[in-house]
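One file, coords23.cif, is given below (mmCIF, C-alpha atoms and all ligand atoms).
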```cif
data_upload
loop_
_atom_site.label_atom_id
_atom_site.label_comp_id
_atom_site.auth_asym_id
_atom_site.auth_seq_id
_atom_site.Cartn_x
_atom_site.Cartn_y
_atom_site.Cartn_z
CA MET A 1 -2.21 211.37 81.05
CA ARG A 2 -0.09 213.91 82.89
CA THR A 3 -0.79 216.11 85.90
CA THR A 4 0.95 217.91 88.73
CA VAL A 5 -0.68 216.01 91.61
CA GLY A 6 -2.18 212.56 91.07
CA ILE A 7 -4.73 211.97 93.82
CA ILE A 8 -5.66 208.36 94.56
CA GLY A 9 -9.03 208.09 96.31
CA GLY A 10 -12.20 210.15 96.14
CA GLY A 11 -13.16 210.05 99.82
CA PRO A 12 -13.23 213.24 101.87
CA ALA A 13 -9.41 213.49 101.89
CA GLY A 14 -8.93 213.19 98.12
CA LEU A 15 -11.93 215.34 97.17
CA LEU A 16 -11.04 218.15 99.55
CA LEU A 17 -7.39 218.09 98.47
CA ALA A 18 -8.49 218.44 94.83
CA ARG A 19 -10.61 221.44 95.76
CA LEU A 20 -7.80 223.13 97.71
CA LEU A 21 -5.25 222.51 94.93
CA HIS A 22 -7.60 223.75 92.25
CA ARG A 23 -8.08 226.98 94.19
CA ALA A 24 -4.31 227.33 94.50
CA GLY A 25 -3.97 226.99 90.72
CA ILE A 26 -2.36 223.53 90.85
CA ASP A 27 -3.49 220.81 88.39
CA CYS A 28 -4.61 217.49 89.74
CA VAL A 29 -6.57 214.38 88.78
CA VAL A 30 -8.62 212.27 91.20
CA LEU A 31 -8.82 208.50 90.63
CA GLU A 32 -11.62 206.76 92.55
CA SER A 33 -12.06 203.01 92.20
CA ARG A 34 -15.77 202.90 93.10
CA ASP A 35 -18.71 204.43 91.28
CA ARG A 36 -20.27 207.72 92.34
CA ALA A 37 -23.41 206.19 93.87
CA TYR A 38 -21.36 203.86 96.08
CA VAL A 39 -19.12 206.66 97.36
CA GLU A 40 -22.14 208.89 98.06
CA ARG A 41 -24.03 206.18 99.92
CA ARG A 42 -21.25 205.12 102.30
CA GLN A 43 -22.32 205.90 105.88
CA ARG A 44 -19.60 207.28 108.10
CA ALA A 45 -19.33 209.53 111.16
CA GLY A 46 -20.76 213.02 111.34
CA ILE A 47 -19.08 215.38 113.80
CA LEU A 48 -17.13 218.31 112.37
CA GLU A 49 -14.65 220.31 114.39
CA GLN A 50 -14.83 224.09 114.03
CA GLY A 51 -11.57 224.02 112.04
CA THR A 52 -13.09 221.53 109.57
CA VAL A 53 -16.16 223.74 109.07
CA ASP A 54 -13.88 226.76 108.56
CA VAL A 55 -11.89 224.93 105.86
CA LEU A 56 -15.04 223.81 104.00
CA ARG A 57 -16.39 227.35 104.21
CA ALA A 58 -13.14 228.91 102.95
CA CYS A 59 -13.13 226.67 99.88
CA GLY A 60 -16.75 227.32 98.97
CA ALA A 61 -18.07 223.88 99.96
CA SER A 62 -20.32 224.87 102.83
CA GLU A 63 -23.55 226.10 101.25
CA ARG A 64 -25.63 223.09 102.39
CA LEU A 65 -23.54 222.56 105.52
CA ASP A 66 -24.37 226.12 106.61
CA ARG A 67 -28.05 225.44 106.00
CA GLU A 68 -28.42 221.91 107.36
CA GLY A 69 -25.53 221.45 109.81
CA LEU A 70 -26.54 221.41 113.47
CA THR A 71 -24.31 223.36 115.84
CA HIS A 72 -23.78 221.55 119.15
CA HIS A 73 -22.48 223.28 122.24
CA GLY A 74 -22.20 220.23 124.45
CA ILE A 75 -22.12 216.45 124.78
CA GLU A 76 -23.55 214.31 127.51
CA LEU A 77 -21.77 211.53 129.36
CA ARG A 78 -23.94 208.88 131.01
CA PHE A 79 -22.76 206.38 133.58
CA GLU A 80 -24.27 204.69 136.62
CA GLY A 81 -27.64 206.32 135.91
CA ARG A 82 -26.02 209.78 136.04
CA ALA A 83 -25.96 212.33 133.24
CA HIS A 84 -23.19 214.88 132.96
CA ARG A 85 -23.07 217.58 130.30
CA VAL A 86 -19.69 218.75 129.02
CA ASP A 87 -20.07 222.39 128.01
CA LEU A 88 -17.89 222.83 124.92
CA PRO A 89 -17.74 226.64 124.37
CA GLY A 90 -17.44 227.33 128.09
CA ALA A 91 -14.27 225.26 128.31
CA THR A 92 -12.72 226.19 124.96
CA GLY A 93 -13.13 229.93 124.56
CA GLY A 94 -16.32 229.61 122.52
CA LYS A 95 -15.71 226.61 120.27
CA SER A 96 -18.39 224.12 119.31
CA VAL A 97 -18.88 221.22 116.86
CA THR A 98 -21.24 220.72 113.92
CA VAL A 99 -23.31 217.63 113.22
CA TYR A 100 -23.26 217.03 109.46
CA ALA A 101 -22.72 213.60 107.95
CA GLN A 102 -19.47 212.80 106.16
CA THR A 103 -21.45 211.31 103.30
CA GLU A 104 -23.12 214.71 102.77
CA ILE A 105 -19.70 216.41 102.61
CA VAL A 106 -18.64 213.87 99.99
CA LYS A 107 -21.80 214.60 97.95
CA ASP A 108 -21.19 218.37 98.21
CA LEU A 109 -17.53 218.09 97.14
CA ILE A 110 -18.34 215.80 94.20
CA ALA A 111 -21.12 218.12 92.99
CA LEU A 112 -18.78 221.13 93.19
CA GLN A 113 -16.00 219.38 91.33
CA LEU A 114 -18.24 218.09 88.54
CA ALA A 115 -20.06 221.43 88.18
CA ASP A 116 -16.84 223.32 87.40
CA PRO A 117 -15.89 222.81 83.73
CA ALA A 118 -12.38 224.04 84.50
CA GLY A 119 -12.18 221.85 87.62
CA PRO A 120 -9.84 218.91 88.06
CA PRO A 121 -10.91 215.63 86.44
CA LEU A 122 -12.59 213.18 88.83
CA LEU A 123 -12.66 209.65 87.42
CA PHE A 124 -14.98 207.14 89.01
CA GLY A 125 -14.41 203.44 88.38
CA ALA A 126 -10.68 204.23 88.09
CA GLU A 127 -8.73 201.81 90.24
CA ALA A 128 -5.08 202.61 90.93
CA LEU A 129 -3.10 199.40 90.44
CA ALA A 130 0.43 200.57 91.26
CA ILE A 131 2.51 203.66 91.98
CA GLU A 132 5.77 203.36 90.11
CA LYS A 133 8.99 205.16 91.05
CA PRO A 134 7.46 207.14 93.95
CA ASP A 135 10.91 208.35 94.96
CA SER A 136 11.78 209.69 91.49
CA ALA A 137 11.03 213.15 90.06
CA ALA A 138 8.16 211.76 87.95
CA PRO A 139 6.17 209.04 89.70
CA VAL A 140 3.62 207.18 87.59
CA VAL A 141 0.25 205.84 88.72
CA ARG A 142 -0.94 202.85 86.74
CA PHE A 143 -4.72 202.53 86.82
CA ARG A 144 -7.60 200.71 85.15
CA HIS A 145 -10.48 202.76 83.76
CA GLU A 146 -13.28 201.64 81.44
CA GLY A 147 -11.57 198.29 80.98
CA ARG A 148 -8.26 199.80 79.85
CA GLU A 149 -4.98 200.10 81.70
CA GLN A 150 -3.67 203.66 81.63
CA THR A 151 -0.89 205.69 83.21
CA LEU A 152 -0.92 209.03 85.00
CA THR A 153 2.49 210.69 85.20
CA CYS A 154 2.74 213.16 88.07
CA ASP A 155 5.08 215.50 89.89
CA PHE A 156 3.55 214.33 93.17
CA VAL A 157 1.17 211.57 94.24
CA ALA A 158 -1.31 211.97 97.10
CA GLY A 159 -2.33 208.62 98.60
CA CYS A 160 -5.85 209.36 99.85
CA ASP A 161 -7.10 205.82 99.26
CA GLY A 162 -8.04 204.86 102.79
CA PHE A 163 -6.89 202.02 104.99
CA HIS A 164 -7.36 199.32 102.32
CA GLY A 165 -5.76 201.27 99.48
CA ILE A 166 -2.47 200.65 97.72
CA ALA A 167 -0.61 203.86 98.59
CA ARG A 168 0.65 202.98 102.04
CA ARG A 169 1.63 199.50 100.84
CA THR A 170 3.76 201.03 98.08
CA VAL A 171 6.30 202.27 100.63
CA PRO A 172 9.08 199.68 101.14
CA ALA A 173 8.75 197.84 104.46
CA ASP A 174 12.21 198.90 105.60
CA ARG A 175 11.22 202.59 105.30
CA ILE A 176 8.19 202.51 107.60
CA ARG A 177 7.06 201.81 111.13
CA THR A 178 3.50 200.91 111.91
CA PHE A 179 1.74 201.20 115.24
CA GLU A 180 -1.48 199.31 115.79
CA ARG A 181 -4.06 198.35 118.37
CA ALA A 182 -7.13 196.24 117.72
CA TYR A 183 -9.99 196.39 120.20
CA PRO A 184 -11.99 193.34 121.28
CA TYR A 185 -15.32 194.89 120.26
CA SER A 186 -17.13 196.54 117.34
CA TRP A 187 -19.92 199.08 116.89
CA LEU A 188 -23.32 198.00 115.66
CA GLY A 189 -24.65 201.19 114.07
CA VAL A 190 -28.22 201.98 113.03
CA LEU A 191 -29.94 204.78 111.20
CA ALA A 192 -33.54 205.25 112.32
CA ASP A 193 -36.39 207.38 111.06
CA VAL A 194 -37.19 208.89 114.41
CA PRO A 195 -36.42 212.33 115.87
CA PRO A 196 -33.42 212.14 118.21
CA SER A 197 -34.37 211.62 121.86
CA CYS A 198 -31.76 214.19 122.84
CA LYS A 199 -30.61 217.65 121.76
CA GLU A 200 -26.92 216.74 122.07
CA LEU A 201 -24.96 213.52 121.63
CA ILE A 202 -25.01 211.02 124.48
CA TYR A 203 -21.96 208.85 125.17
CA ALA A 204 -23.03 206.13 127.63
CA ARG A 205 -20.83 203.80 129.66
CA HIS A 206 -22.83 200.82 130.93
CA GLN A 207 -21.93 197.53 132.56
CA ARG A 208 -23.32 195.82 129.41
CA GLY A 209 -21.16 197.99 127.14
CA PHE A 210 -20.97 201.37 125.44
CA ALA A 211 -23.81 203.11 123.58
CA LEU A 212 -23.89 206.35 121.58
CA HIS A 213 -26.89 208.43 120.60
CA SER A 214 -26.11 210.69 117.64
CA MET A 215 -28.25 212.15 114.88
CA ARG A 216 -28.30 213.05 111.22
CA SER A 217 -31.12 215.62 111.20
CA PRO A 218 -34.09 216.67 113.35
CA ARG A 219 -35.92 213.61 111.95
CA VAL A 220 -33.17 210.97 111.70
CA SER A 221 -31.31 209.38 114.59
CA ARG A 222 -27.96 207.59 114.43
CA LEU A 223 -27.26 205.15 117.26
CA TYR A 224 -24.47 202.73 118.11
CA LEU A 225 -24.01 199.76 120.46
CA GLN A 226 -20.78 198.11 121.53
CA VAL A 227 -20.99 194.43 120.47
CA PRO A 228 -18.48 191.55 120.32
CA ASN A 229 -16.24 191.40 117.24
CA ASP A 230 -17.80 188.20 115.87
CA THR A 231 -21.34 189.64 115.95
CA ASP A 232 -23.75 188.61 113.20
CA THR A 233 -26.10 191.54 112.61
CA ALA A 234 -28.80 189.01 111.66
CA ASP A 235 -28.98 188.15 115.38
CA TRP A 236 -30.05 191.70 116.17
CA SER A 237 -33.73 192.29 115.48
CA ASP A 238 -34.93 195.89 115.60
CA GLU A 239 -36.64 195.15 118.90
CA ARG A 240 -33.49 193.70 120.44
CA ILE A 241 -31.50 196.76 119.30
CA TRP A 242 -33.99 199.22 120.80
CA ASP A 243 -34.24 197.24 124.05
CA GLU A 244 -30.47 197.15 124.44
CA LEU A 245 -30.13 200.86 123.63
CA ALA A 246 -32.86 201.70 126.19
CA THR A 247 -31.05 199.65 128.85
CA ARG A 248 -27.68 201.26 128.24
CA PHE A 249 -29.03 204.82 128.08
CA ALA A 250 -31.18 204.41 131.23
CA VAL A 251 -30.77 207.41 133.51
CA ASP A 252 -32.26 208.54 136.82
CA GLY A 253 -35.22 210.86 136.29
CA GLU A 254 -37.48 211.57 133.34
CA TRP A 255 -36.11 210.43 129.99
CA ALA A 256 -37.28 208.01 127.33
CA LEU A 257 -35.71 206.68 124.16
CA GLU A 258 -38.04 207.16 121.20
CA ARG A 259 -38.17 204.17 118.85
CA GLY A 260 -38.74 204.17 115.11
CA PRO A 261 -38.11 202.20 111.93
CA ILE A 262 -34.46 201.21 111.44
CA THR A 263 -33.41 201.95 107.85
CA ALA A 264 -29.78 200.77 107.85
CA THR A 265 -27.51 198.61 110.01
CA SER A 266 -23.73 198.43 109.97
CA LEU A 267 -20.90 196.77 111.88
CA THR A 268 -17.63 198.68 112.45
CA PRO A 269 -14.55 197.09 113.97
CA MET A 270 -12.49 199.36 116.20
CA ARG A 271 -8.85 199.94 115.39
CA SER A 272 -6.03 202.37 116.10
CA PHE A 273 -3.31 202.46 113.44
CA VAL A 274 -0.53 204.81 112.34
CA GLN A 275 2.02 204.38 109.56
CA GLU A 276 5.14 206.55 109.83
CA PRO A 277 6.40 208.51 108.01
CA MET A 278 3.49 209.86 105.95
CA ARG A 279 5.78 210.55 103.00
CA HIS A 280 8.00 208.46 100.74
CA GLY A 281 9.81 210.48 98.07
CA ARG A 282 7.05 212.21 96.12
CA LEU A 283 4.26 210.08 97.55
CA PHE A 284 2.32 211.72 100.39
CA LEU A 285 -0.19 209.75 102.49
CA ALA A 286 -3.26 211.53 103.88
CA GLY A 287 -6.32 210.51 105.90
CA ASP A 288 -7.18 206.87 106.55
CA ALA A 289 -4.35 205.80 104.21
CA ALA A 290 -1.93 206.81 106.97
CA HIS A 291 -3.92 206.40 110.18
CA ILE A 292 -7.08 205.02 111.71
CA VAL A 293 -8.73 206.03 114.97
CA PRO A 294 -11.62 204.28 116.70
CA PRO A 295 -14.73 206.43 116.13
CA THR A 296 -15.38 207.20 119.81
CA GLY A 297 -13.62 210.56 119.63
CA ALA A 298 -15.17 211.47 116.23
CA LYS A 299 -11.73 212.35 114.90
CA GLY A 300 -11.31 210.32 111.64
CA LEU A 301 -12.76 212.81 109.18
CA ASN A 302 -11.30 215.81 110.98
CA LEU A 303 -7.81 214.31 110.82
CA ALA A 304 -8.20 213.64 107.09
CA VAL A 305 -9.10 217.32 106.66
CA SER A 306 -6.11 218.60 108.66
CA ASP A 307 -3.75 216.33 106.67
CA VAL A 308 -4.91 217.64 103.30
CA VAL A 309 -4.89 221.25 104.45
CA THR A 310 -1.24 220.77 105.47
CA LEU A 311 -0.44 219.03 102.18
CA ALA A 312 -2.20 221.62 100.02
CA ARG A 313 -0.36 224.41 101.81
CA ALA A 314 3.00 222.66 101.28
CA LEU A 315 2.30 221.98 97.59
CA ALA A 316 1.17 225.60 97.06
CA HIS A 317 4.33 226.86 98.77
CA HIS A 318 6.43 224.68 96.48
CA HIS A 319 4.43 225.81 93.43
CA GLN A 320 4.95 229.50 94.27
CA THR A 321 8.53 229.50 95.54
CA GLY A 322 10.15 226.25 94.44
CA SER A 323 10.96 225.56 98.10
CA THR A 324 10.48 222.01 99.42
CA GLU A 325 10.64 223.15 103.04
CA LEU A 326 6.96 222.59 103.87
CA LEU A 327 6.83 219.34 101.87
CA ASP A 328 9.84 218.11 103.83
CA GLY A 329 8.06 218.93 107.08
CA TYR A 330 4.70 217.44 105.99
CA SER A 331 4.98 214.10 107.78
CA ALA A 332 6.27 215.49 111.09
CA THR A 333 3.69 218.30 111.09
CA CYS A 334 0.79 215.91 110.50
CA LEU A 335 2.01 213.22 112.88
CA ARG A 336 2.06 215.56 115.85
CA ARG A 337 -1.65 216.20 115.44
CA VAL A 338 -2.35 212.58 114.46
CA TRP A 339 -0.85 211.28 117.69
CA GLN A 340 -2.89 213.73 119.76
CA ALA A 341 -6.03 212.41 118.06
CA GLU A 342 -4.84 208.82 118.56
CA ARG A 343 -4.32 209.53 122.25
CA PHE A 344 -7.73 211.16 122.68
CA SER A 345 -9.59 208.49 120.68
CA TYR A 346 -7.91 205.75 122.71
CA PHE A 347 -8.80 207.55 125.94
CA MET A 348 -12.49 207.96 124.98
CA THR A 349 -12.66 204.36 123.80
CA GLU A 350 -11.01 202.81 126.85
CA THR A 351 -12.97 205.01 129.27
CA LEU A 352 -16.39 204.21 127.82
CA HIS A 353 -16.24 200.57 126.60
CA ARG A 354 -16.07 197.38 128.63
CA ARG A 355 -13.62 194.74 127.50
CA PRO A 356 -14.95 191.18 127.78
CA ASP A 357 -12.16 190.35 130.27
CA GLN A 358 -12.39 193.58 132.21
CA SER A 359 -11.77 193.31 135.95
CA PRO A 360 -13.85 194.96 138.70
CA PHE A 361 -10.77 197.08 139.46
CA GLU A 362 -10.80 198.44 135.90
CA ASP A 363 -14.56 199.10 136.16
CA ARG A 364 -13.91 201.24 139.22
CA LEU A 365 -11.12 203.12 137.44
CA GLN A 366 -13.41 203.95 134.49
CA LEU A 367 -16.10 205.24 136.84
CA ALA A 368 -13.55 207.28 138.78
CA GLN A 369 -12.35 208.80 135.49
CA LEU A 370 -15.90 209.73 134.49
CA ASP A 371 -16.60 211.10 137.97
CA ARG A 372 -13.47 213.21 137.64
CA ILE A 373 -14.72 214.69 134.36
CA ALA A 374 -18.12 215.34 135.95
CA THR A 375 -16.70 217.14 138.99
CA SER A 376 -13.51 218.86 137.84
CA PRO A 377 -13.68 221.81 135.43
CA THR A 378 -10.06 221.04 134.52
CA ALA A 379 -10.79 217.41 133.60
CA SER A 380 -13.93 218.47 131.73
CA ALA A 381 -11.99 221.18 129.85
CA GLU A 382 -9.33 218.65 128.80
CA LEU A 383 -12.05 216.52 127.19
CA ALA A 384 -13.77 219.53 125.62
CA GLU A 385 -10.57 220.95 124.12
CA ASN A 386 -9.77 217.69 122.38
CA TYR A 387 -13.35 217.07 121.30
CA VAL A 388 -13.74 220.45 119.54
CA GLY A 389 -10.32 219.87 117.95
CA LEU A 390 -6.78 221.00 118.57
CA PRO A 391 -5.58 223.90 116.41
CA LEU A 392 -4.49 223.14 112.86
CA SER A 393 -0.74 223.57 112.89
N1 LIG A 401 -7.71 203.29 93.52
C1 LIG A 401 -8.58 204.32 93.57
N2 LIG A 401 -9.34 204.58 94.67
C2 LIG A 401 -9.20 203.79 95.74
C3 LIG A 401 -8.31 202.70 95.75
C4 LIG A 401 -7.54 202.45 94.58
N3 LIG A 401 -6.67 201.45 94.50
N4 LIG A 401 -8.39 202.08 96.97
C5 LIG A 401 -9.30 202.77 97.69
N5 LIG A 401 -9.82 203.80 96.95
C6 LIG A 401 -10.84 204.78 97.36
C7 LIG A 401 -11.99 204.20 98.16
O1 LIG A 401 -13.00 203.66 97.32
C8 LIG A 401 -12.47 205.43 98.92
O2 LIG A 401 -13.48 206.12 98.22
O3 LIG A 401 -10.23 205.69 98.24
C9 LIG A 401 -11.24 206.32 99.03
C10 LIG A 401 -10.77 206.46 100.43
O4 LIG A 401 -11.73 207.20 101.14
P1 LIG A 401 -12.00 207.02 102.72
O5 LIG A 401 -11.89 205.59 103.10
O6 LIG A 401 -13.26 207.73 103.01
O7 LIG A 401 -10.74 207.75 103.42
P2 LIG A 401 -10.41 209.28 103.61
O8 LIG A 401 -10.77 210.10 102.42
O9 LIG A 401 -9.03 209.30 104.16
O10 LIG A 401 -11.41 209.77 104.73
C11 LIG A 401 -11.24 209.49 106.07
O11 LIG A 401 -13.20 208.20 106.26
O12 LIG A 401 -13.09 206.06 107.20
C12 LIG A 401 -13.51 207.36 107.37
O13 LIG A 401 -13.52 207.73 109.67
C13 LIG A 401 -12.80 207.93 108.51
O14 LIG A 401 -13.90 209.91 108.49
C14 LIG A 401 -12.71 209.33 108.11
C15 LIG A 401 -12.59 209.38 106.68
C1 LIG A 402 -21.96 209.71 114.23
O1 LIG A 402 -22.85 210.56 114.27
O2 LIG A 402 -21.94 208.83 113.36
C2 LIG A 402 -20.90 209.74 115.27
C3 LIG A 402 -20.90 210.75 116.22
C4 LIG A 402 -19.93 210.77 117.20
C5 LIG A 402 -18.97 209.79 117.24
C6 LIG A 402 -18.96 208.78 116.29
C7 LIG A 402 -19.93 208.75 115.31
O3 LIG A 402 -18.04 209.82 118.24
#
```
Take the structure in this file and express it as structure tokens.
Amino acid sequence: MRTTVGIIGGGPAGLLLARLLHRAGIDCVVLESRDRAYVERRQRAGILEQGTVDVLRACGASERLDREGLTHHGIELRFEGRAHRVDLPGATGGKSVTVYAQTEIVKDLIALQLADPAGPPLLFGAEALAIEKPDSAAPVVRFRHEGREQTLTCDFVAGCDGFHGIARRTVPADRIRTFERAYPYSWLGVLADVPPSCKELIYARHQRGFALHSMRSPRVSRLYLQVPNDTDTADWSDERIWDELATRFAVDGEWALERGPITATSLTPMRSFVQEPMRHGRLFLAGDAAHIVPPTGAKGLNLAVSDVVTLARALAHHHQTGSTELLDGYSATCLRRVWQAERFSYFMTETLHRRPDQSPFEDRLQLAQLDRIATSPTASAELAENYVGLPLS
């Protein structure tokens, strides 16, 4: 097989890149190791920045998002029994966020790609095994599909295969730097068949740990609890989960957490990670393949989208003019935005979670930080600006 851009990974990064390239008249092939049902079932975050919604709209992938997405104009911070609302449009010149699950975006992009007979091939069950000669003019992706080993010869390879993929590991160790931080806690996440007990997301800082109240629809709630890294989800009965959530969300005044049947439980470790540069020869890394953020800032998906928008633009520029200028600038352009998201995600995480060894001094600092956001329009605007998303460069 031969194509212009070989895309490894059919998550949001790879699928959206395929869509953008197709619309720019550039051939590509997407190789996804898992089957379609697995990819469509995977539960991930669900907050879209305005820029992400705009990109999906511009490439014709927003029909259901426009119908079912929930526009949110604020988030709530809870601490010490207090509730503080951060007004997003007020602080950002009118910007807001949209609640729409990543898994729904993946379903929409797959359906669009498969519905278009002239669209780029999307192979499920196609596991990339190696990327050969990434720094040559014609890199080759070796992959296994339907029990056979095959090759895909490309002009460019896009490594969109997530944190556990092969793309970032293909780059020789002496050509990269990695930056990493592991956190001493995880998120226990649940999906519950109960209307959300709030209109907007609640981020709660409690002495017993962080909790987040999010949602998937007017009938389905998504909630998270900070738990130790070695947690066995079997130790968490539904009742224990609801009790702990109710404790951590407790607030002065009238408010109650509605309970309902829990339909799914997950455990997510928290990690910050960046691999630099995001390019090696003709191999370009995008999304989780190049960086991970802890989910507290809701930035993972949005960063994957800004990477592939930057990459698609650079590839289109090369296609039209022969110039490699934007491709040469790809890594530096993306990394500027990536590090802003790393900084913000780290800030949200460290401000709202309690480390097991946290000192009373650090507790006081966290509360002072939250009090600052609650009382200073400048501090509140700084949070809001980052939460709705920095401009796509
Ligand atoms: N060959 C083919 N496909 C692969 C391979 C491989 N060797 N290794 C991994 N994959 C596939 C995975 O099965 C997955 O579907 O690559 C895809 C990577 O998708 P994601 O992990 O969703 O990463 P990305 O598209 O960058 O999206 C980033 O995902 O983890 C969340 O919070 C993160 O929202 C962010 C988003
Ligand atoms: C989610 O809805 O899954 C979600 C929302 C906000 C976050 C993280 C996850 O910060």
Check your understanding: Can you tell me, as number ranges by chain, what residues are no more than 9 Å from Thr103 of chain A when counting all atoms listed in the file, ignoring any on the same chain fewer than 2 positions away?
Key -> A: 12, 39-46, 100-101, 105-108
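Atom to atom, atom CA of Ala332 of chain A and atom O3 of ligand LIG 401 (chain A) stand 23.1 Å apart.
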Practice item. Would you list the residues that come within 10 Å of ligand LIG 402 (chain A)? Count only C-alpha atoms and all ligand atoms and give the answer as a PyMOL selection string. Key: chain A and resi 43-48+75+99-102+187+189-191+201-203+212-216+221-224+294-300+345+348-349+387
Practice item. Please provide the set of residues having any atom within 7 Å of Val388 of chain A, restricted to only C-alpha atoms, with same-chain residues fewer than 6 positions apart removed, written as a PyMOL selection string. Key: chain A and resi 49-50+95-97
Practice item. For His164 of chain A, list every protein, DNA or RNA residue within 10 Å, evaluated using all atoms listed in the file, and leave out those in the same chain fewer than 4 positions away; present the list as a PyMOL selection string. Key: chain A and resi 168-169+288-289
Can you take the partial segment 109-122 of chain A, add N, CA, C and O atoms, and return it as a PDB file, keeping the file's coordinate frame?
```pdb
ATOM      1  N   LEU A 109     -18.819 217.903  97.821  1.00  0.00           N
ATOM      2  CA  LEU A 109     -17.530 218.090  97.140  1.00  0.00           C
ATOM      3  C   LEU A 109     -17.573 217.515  95.721  1.00  0.00           C
ATOM      4  O   LEU A 109     -17.012 218.097  94.788  1.00  0.00           O
ATOM      5  N   ILE A 110     -18.237 216.385  95.540  1.00  0.00           N
ATOM      6  CA  ILE A 110     -18.340 215.800  94.200  1.00  0.00           C
ATOM      7  C   ILE A 110     -19.144 216.739  93.288  1.00  0.00           C
ATOM      8  O   ILE A 110     -18.746 217.032  92.155  1.00  0.00           O
ATOM      9  N   ALA A 111     -20.272 217.233  93.804  1.00  0.00           N
ATOM     10  CA  ALA A 111     -21.120 218.120  92.990  1.00  0.00           C
ATOM     11  C   ALA A 111     -20.337 219.362  92.573  1.00  0.00           C
ATOM     12  O   ALA A 111     -20.397 219.784  91.412  1.00  0.00           O
ATOM     13  N   LEU A 112     -19.580 219.937  93.507  1.00  0.00           N
ATOM     14  CA  LEU A 112     -18.780 221.130  93.190  1.00  0.00           C
ATOM     15  C   LEU A 112     -17.747 220.835  92.117  1.00  0.00           C
ATOM     16  O   LEU A 112     -17.555 221.601  91.181  1.00  0.00           O
ATOM     17  N   GLN A 113     -17.087 219.700  92.266  1.00  0.00           N
ATOM     18  CA  GLN A 113     -16.000 219.380  91.330  1.00  0.00           C
ATOM     19  C   GLN A 113     -16.549 219.114  89.929  1.00  0.00           C
ATOM     20  O   GLN A 113     -15.959 219.530  88.941  1.00  0.00           O
ATOM     21  N   LEU A 114     -17.683 218.425  89.862  1.00  0.00           N
ATOM     22  CA  LEU A 114     -18.240 218.090  88.540  1.00  0.00           C
ATOM     23  C   LEU A 114     -18.918 219.302  87.890  1.00  0.00           C
ATOM     24  O   LEU A 114     -19.034 219.372  86.669  1.00  0.00           O
ATOM     25  N   ALA A 115     -19.361 220.259  88.737  1.00  0.00           N
ATOM     26  CA  ALA A 115     -20.060 221.430  88.180  1.00  0.00           C
ATOM     27  C   ALA A 115     -19.105 222.422  87.534  1.00  0.00           C
ATOM     28  O   ALA A 115     -19.518 223.255  86.733  1.00  0.00           O
ATOM     29  N   ASP A 116     -17.819 222.331  87.877  1.00  0.00           N
ATOM     30  CA  ASP A 116     -16.840 223.320  87.400  1.00  0.00           C
ATOM     31  C   ASP A 116     -16.158 222.789  86.146  1.00  0.00           C
ATOM     32  O   ASP A 116     -15.346 221.872  86.225  1.00  0.00           O
ATOM     33  N   PRO A 117     -16.469 223.356  84.971  1.00  0.00           N
ATOM     34  CA  PRO A 117     -15.890 222.810  83.730  1.00  0.00           C
ATOM     35  C   PRO A 117     -14.365 222.909  83.713  1.00  0.00           C
ATOM     36  O   PRO A 117     -13.692 222.107  83.069  1.00  0.00           O
ATOM     37  N   ALA A 118     -13.834 223.890  84.454  1.00  0.00           N
ATOM     38  CA  ALA A 118     -12.380 224.040  84.500  1.00  0.00           C
ATOM     39  C   ALA A 118     -11.774 223.266  85.674  1.00  0.00           C
ATOM     40  O   ALA A 118     -10.579 223.333  85.926  1.00  0.00           O
ATOM     41  N   GLY A 119     -12.639 222.552  86.414  1.00  0.00           N
ATOM     42  CA  GLY A 119     -12.180 221.850  87.620  1.00  0.00           C
ATOM     43  C   GLY A 119     -11.354 220.620  87.290  1.00  0.00           C
ATOM     44  O   GLY A 119     -11.323 220.159  86.150  1.00  0.00           O
ATOM     45  N   PRO A 120     -10.686 220.082  88.293  1.00  0.00           N
ATOM     46  CA  PRO A 120      -9.840 218.910  88.060  1.00  0.00           C
ATOM     47  C   PRO A 120     -10.670 217.682  87.709  1.00  0.00           C
ATOM     48  O   PRO A 120     -11.767 217.503  88.250  1.00  0.00           O
ATOM     49  N   PRO A 121     -10.177 216.852  86.783  1.00  0.00           N
ATOM     50  CA  PRO A 121     -10.910 215.630  86.440  1.00  0.00           C
ATOM     51  C   PRO A 121     -11.091 214.722  87.654  1.00  0.00           C
ATOM     52  O   PRO A 121     -10.182 214.614  88.479  1.00  0.00           O
ATOM     53  N   LEU A 122     -12.279 214.136  87.754  1.00  0.00           N
ATOM     54  CA  LEU A 122     -12.590 213.180  88.830  1.00  0.00           C
ATOM     55  C   LEU A 122     -13.088 211.927  88.127  1.00  0.00           C
ATOM     56  O   LEU A 122     -14.168 211.929  87.524  1.00  0.00           O
TER      57      LEU A 122
END
```
